[in-house]
Amino acid sequence: MHIHDFENHINQNILDRGFNYYNDGNIKKVYKQRNNKYVFYIEGGDDYEVSVEIGDHGDILNSYCDCPYDLGPICKHEVAAYFKLFEMLDQENDIETAPSKANKRDTIYHVLINLSKQELINIIVDVTTNDDILKNSLLIQYGKGDGQQALVACQEIIDSIAIKYTGREGFITYRNTWRFVSELEGIVEKVRNMENVQIAVDIALLLLEEAIDAFSYADDSNGDIGSLITETLELIEEIVSRDVVISNHKMEIFEKLLAQTDNEVFDGWLEYKIDLLSICFDFVDDEKCREQLINKIESMIEEDSNDDYLQYGNEKLLQLLFQLVEDYGTQAEAEQFIHEHLQYSSFREKLLNKYLQDKNYEKVIELAKEGEKQDQDSLRPLSKWKKSRYKALKSLSRKEEQRILAKELFLAGDFDYYQELKELATNNLDEFYTDLKLELKKGKGWHTTRLFLNLIEKENDLEEILEFVKSNPRYIEDYAEKLVNHFEEDAIEIYKKYIEAAASASSNRRDYQRVCQKLKGYKKIAGKQRQVEFKKELKALYRRRPAFIDELGRV
């Protein structure tokens, strides 16, 4: 469904009701989030939220409304949002909070344009008397006072926004978190346009501190707070990258960023500390800054820690140190650093890649085996070391060891090694294939099932696919078109029983819609006539379920 033709895909009654909501100004706020996602705040019998995600070419990828409507796939609130989104995209507007009717904006514009300067001042003073957020926003954006005044005003805005949304409960619910974040994001734009880089950094750090603290008093299930933190860190990086910072305020801002990593709000959020340290790399061409940064990083490394999270943090910190050694040390120092930290997979991988590049395959095997022993309880790095060892064995033509390792990797879930195994097979290929099938059939777990399916698909083993689908009917949708040319009646019968089971388990309109969607797939392999007959059977069987009968009538 496309934003330019959605009207052709929606029930006329719902379309009319949604248009009335749009036309009557029931859409009170609109926010644009990341990745072309829009959120609409709509007033009706109750207040509802509609989220719409749209593709780069105007396709409506998905939409959701939190109203209780369940009589169709799209409600009137979503339709109202589509009309509004079409209007905004058509006019190429910036998405900000605004009244939804254009004539309302025009009216206030025509009223204000005819007022005197003093009258406008009086209005603004009156409006801001009871709105601290607006008052402080104006002071930040247009005030001519010193930087400290802007900093105080910004702190008051942040505090006001937090108080506004936490309320008496002291907590921001999932439903309100994105609104809270959207208001804080307004500060990001103000900071981005500030000429005073020192104050801009100070305010950005205030915002970063509040955003991280917000994890403790807000439900961030949708990731909005995390996105705000990322955006704020990117803003700080943007500010300190300006030439004026490097020339005039280098040391002061560097030390401010470095000191911020000691802020207790970062406790438990090591990744954000590391992000700030990474920003400090913009200053390391200065030897004094570089030494301070090295000392700070070294002081943060936790020695002899068995905690996985701290180990992860240690590795990230060591990677920062290694970057400094690479950029400002000698090649010998860089190599020594790698050898000293082989217990961390990233450094072992660097050395393995160097040995592979130098064609020192015996060293690759030795280093990979050490890694396998060290990480035997961790699947991801274990697989990485085995793959490196396999490359070395293949280059050395050690086929028997290669075959054993390829099978280990294959049975661990990596289907790419099937072709390797096939090429290394010492027996007849048919026998090899049959033996491998039997071994997988005896296995358990989803990854073994996935391997088995990949195998029989790869070899186009239709008889085996049919037997599998008979035992696992839910896969018929995936394999019906492949099976129907050779096992037409079997495929149709399995598909029918699969739909019958789904219908039997259905209890609400959304379930019925899913069953009807399956009926459309059934038609592709069974034909229209059989689909019509099957629908009659279902209508007779479920004649006391009017919602199901209604949905069947739409197929």
# chains A, B, ... in the order shown; residues from 1 in each chain; ligands from 1

call {"tool": "residues_around", "arguments": {"residues": "Asn62 of chain A", "least_positions_apart": "2", "cutoff": "10 Å", "atoms": "only C-alpha atoms", "output": "list of chain:residue names"}}
result
A:Met1, A:Lys37, A:Ser51, A:Val52, A:Glu53, A:Ile54, A:Gly55, A:Asp59, A:Ile60, A:Tyr64

call {"tool": "write_last_selection", "arguments": {"atoms": "N, CA, C and O atoms", "output": "compact mmCIF listing (two decimals), in the first residue's frame"}}
result
# COMPACT_ATOMS: atom_id res chain seq x y z
N MET A 1 0.85 -1.19 0.00
CA MET A 1 0.00 0.00 0.00
C MET A 1 0.89 1.24 0.00
O MET A 1 1.82 1.35 0.79
N LYS A 37 9.90 7.01 10.55
CA LYS A 37 8.77 6.61 11.39
C LYS A 37 8.12 7.86 11.95
O LYS A 37 8.81 8.73 12.48
N SER A 51 1.38 5.03 15.04
CA SER A 51 2.73 5.07 14.48
C SER A 51 2.68 4.54 13.05
O SER A 51 2.01 3.55 12.78
N VAL A 52 3.37 5.23 12.16
CA VAL A 52 3.40 4.84 10.74
C VAL A 52 4.86 4.85 10.28
O VAL A 52 5.56 5.84 10.47
N GLU A 53 5.29 3.75 9.68
CA GLU A 53 6.63 3.68 9.10
C GLU A 53 6.49 3.63 7.60
O GLU A 53 5.76 2.80 7.06
N ILE A 54 7.19 4.54 6.92
CA ILE A 54 7.04 4.66 5.47
C ILE A 54 8.39 4.45 4.79
O ILE A 54 9.43 4.87 5.30
N GLY A 55 8.37 3.77 3.66
CA GLY A 55 9.60 3.50 2.93
C GLY A 55 10.09 4.71 2.15
O GLY A 55 9.40 5.72 2.02
N ASP A 59 6.05 3.74 0.21
CA ASP A 59 5.27 2.57 0.64
C ASP A 59 5.03 2.62 2.14
O ASP A 59 5.95 2.92 2.91
N ILE A 60 3.81 2.33 2.57
CA ILE A 60 3.49 2.26 3.99
C ILE A 60 3.96 0.88 4.47
O ILE A 60 3.31 -0.13 4.19
N TYR A 64 0.42 1.20 13.25
CA TYR A 64 -0.20 0.62 14.44
C TYR A 64 -0.91 1.71 15.21
O TYR A 64 -0.41 2.84 15.34

call {"tool": "select_by_dssp", "arguments": {"residues": "segment 398-514 of chain A", "states": "alpha helix (DSSP H)", "output": "PyMOL selection string"}}
result
chain A and resi 399-411+417-424+429-442+446-458+462-471+476-484+488-504+509-514

call {"tool": "closest_residue", "arguments": {"among": "A:Ala200, A:Leu321, A:Ala153, A:Leu228", "to": "Trp178 of chain A", "atoms": "only C-alpha atoms"}}
result
A:Leu228

call {"tool": "residues_around", "arguments": {"residues": "Trp269 of chain A", "least_positions_apart": "2", "cutoff": "12 Å", "atoms": "only C-alpha atoms", "output": "ChimeraX atom specification"}}
result
/A:209,211-213,215,226,229,261-267,271-276,309-310,313

call {"tool": "closest_residue", "arguments": {"among": "A:Glu408, A:Asp308, A:Glu488, A:Glu185", "to": "Ser383 of chain A", "atoms": "only C-alpha atoms"}}
result
A:Glu408

call {"tool": "residues_around", "arguments": {"residues": "Ser345 of chain A", "least_positions_apart": "4", "cutoff": "10 Å", "atoms": "only C-alpha atoms", "output": "list of chain:residue names"}}
result
A:Glu315, A:His341, A:Glu349, A:Lys350, A:Leu351, A:Gly371, A:Gln374, A:Asp375, A:Pro381, A:Leu382, A:Lys384, A:Trp385

call {"tool": "write_last_selection", "arguments": {"atoms": "N, CA, C and O atoms", "output": "PDB file, in the first residue's frame"}}
result
ATOM      1  N   GLU A 315      38.198  -4.963  26.775  1.00  0.00           N
ATOM      2  CA  GLU A 315      38.621  -5.147  25.382  1.00  0.00           C
ATOM      3  C   GLU A 315      38.408  -3.871  24.578  1.00  0.00           C
ATOM      4  O   GLU A 315      39.257  -3.482  23.768  1.00  0.00           O
ATOM      5  N   HIS A 341      47.967  -9.196  24.499  1.00  0.00           N
ATOM      6  CA  HIS A 341      46.524  -9.196  24.776  1.00  0.00           C
ATOM      7  C   HIS A 341      45.775 -10.222  23.925  1.00  0.00           C
ATOM      8  O   HIS A 341      44.639 -10.008  23.518  1.00  0.00           O
ATOM      9  N   GLU A 349      42.472 -12.135  16.576  1.00  0.00           N
ATOM     10  CA  GLU A 349      42.049 -12.088  15.174  1.00  0.00           C
ATOM     11  C   GLU A 349      43.000 -11.236  14.332  1.00  0.00           C
ATOM     12  O   GLU A 349      43.308 -11.569  13.182  1.00  0.00           O
ATOM     13  N   LYS A 350      43.483 -10.122  14.898  1.00  0.00           N
ATOM     14  CA  LYS A 350      44.448  -9.284  14.171  1.00  0.00           C
ATOM     15  C   LYS A 350      45.704 -10.079  13.820  1.00  0.00           C
ATOM     16  O   LYS A 350      46.211 -10.012  12.698  1.00  0.00           O
ATOM     17  N   LEU A 351      46.198 -10.850  14.807  1.00  0.00           N
ATOM     18  CA  LEU A 351      47.418 -11.614  14.571  1.00  0.00           C
ATOM     19  C   LEU A 351      47.174 -12.765  13.586  1.00  0.00           C
ATOM     20  O   LEU A 351      48.016 -13.042  12.723  1.00  0.00           O
ATOM     21  N   GLY A 371      43.139 -20.433  20.579  1.00  0.00           N
ATOM     22  CA  GLY A 371      41.890 -19.702  20.718  1.00  0.00           C
ATOM     23  C   GLY A 371      40.711 -20.627  20.969  1.00  0.00           C
ATOM     24  O   GLY A 371      39.820 -20.331  21.779  1.00  0.00           O
ATOM     25  N   GLN A 374      40.854 -21.760  24.520  1.00  0.00           N
ATOM     26  CA  GLN A 374      40.519 -20.655  25.419  1.00  0.00           C
ATOM     27  C   GLN A 374      39.017 -20.361  25.404  1.00  0.00           C
ATOM     28  O   GLN A 374      38.412 -20.086  26.449  1.00  0.00           O
ATOM     29  N   ASP A 375      38.385 -20.426  24.220  1.00  0.00           N
ATOM     30  CA  ASP A 375      36.982 -20.024  24.067  1.00  0.00           C
ATOM     31  C   ASP A 375      36.058 -21.207  23.801  1.00  0.00           C
ATOM     32  O   ASP A 375      35.037 -21.071  23.124  1.00  0.00           O
ATOM     33  N   PRO A 381      33.240 -16.939  19.077  1.00  0.00           N
ATOM     34  CA  PRO A 381      34.687 -16.920  18.782  1.00  0.00           C
ATOM     35  C   PRO A 381      35.227 -18.300  18.451  1.00  0.00           C
ATOM     36  O   PRO A 381      36.163 -18.434  17.646  1.00  0.00           O
ATOM     37  N   LEU A 382      34.645 -19.347  19.055  1.00  0.00           N
ATOM     38  CA  LEU A 382      35.100 -20.713  18.765  1.00  0.00           C
ATOM     39  C   LEU A 382      34.975 -21.004  17.274  1.00  0.00           C
ATOM     40  O   LEU A 382      35.893 -21.542  16.641  1.00  0.00           O
ATOM     41  N   LYS A 384      34.901 -18.823  14.907  1.00  0.00           N
ATOM     42  CA  LYS A 384      35.827 -17.952  14.176  1.00  0.00           C
ATOM     43  C   LYS A 384      37.219 -18.574  14.107  1.00  0.00           C
ATOM     44  O   LYS A 384      37.869 -18.566  13.053  1.00  0.00           O
ATOM     45  N   TRP A 385      37.683 -19.139  15.236  1.00  0.00           N
ATOM     46  CA  TRP A 385      39.021 -19.749  15.246  1.00  0.00           C
ATOM     47  C   TRP A 385      39.052 -21.002  14.365  1.00  0.00           C
ATOM     48  O   TRP A 385      40.035 -21.252  13.662  1.00  0.00           O
TER      49      TRP A 385
END
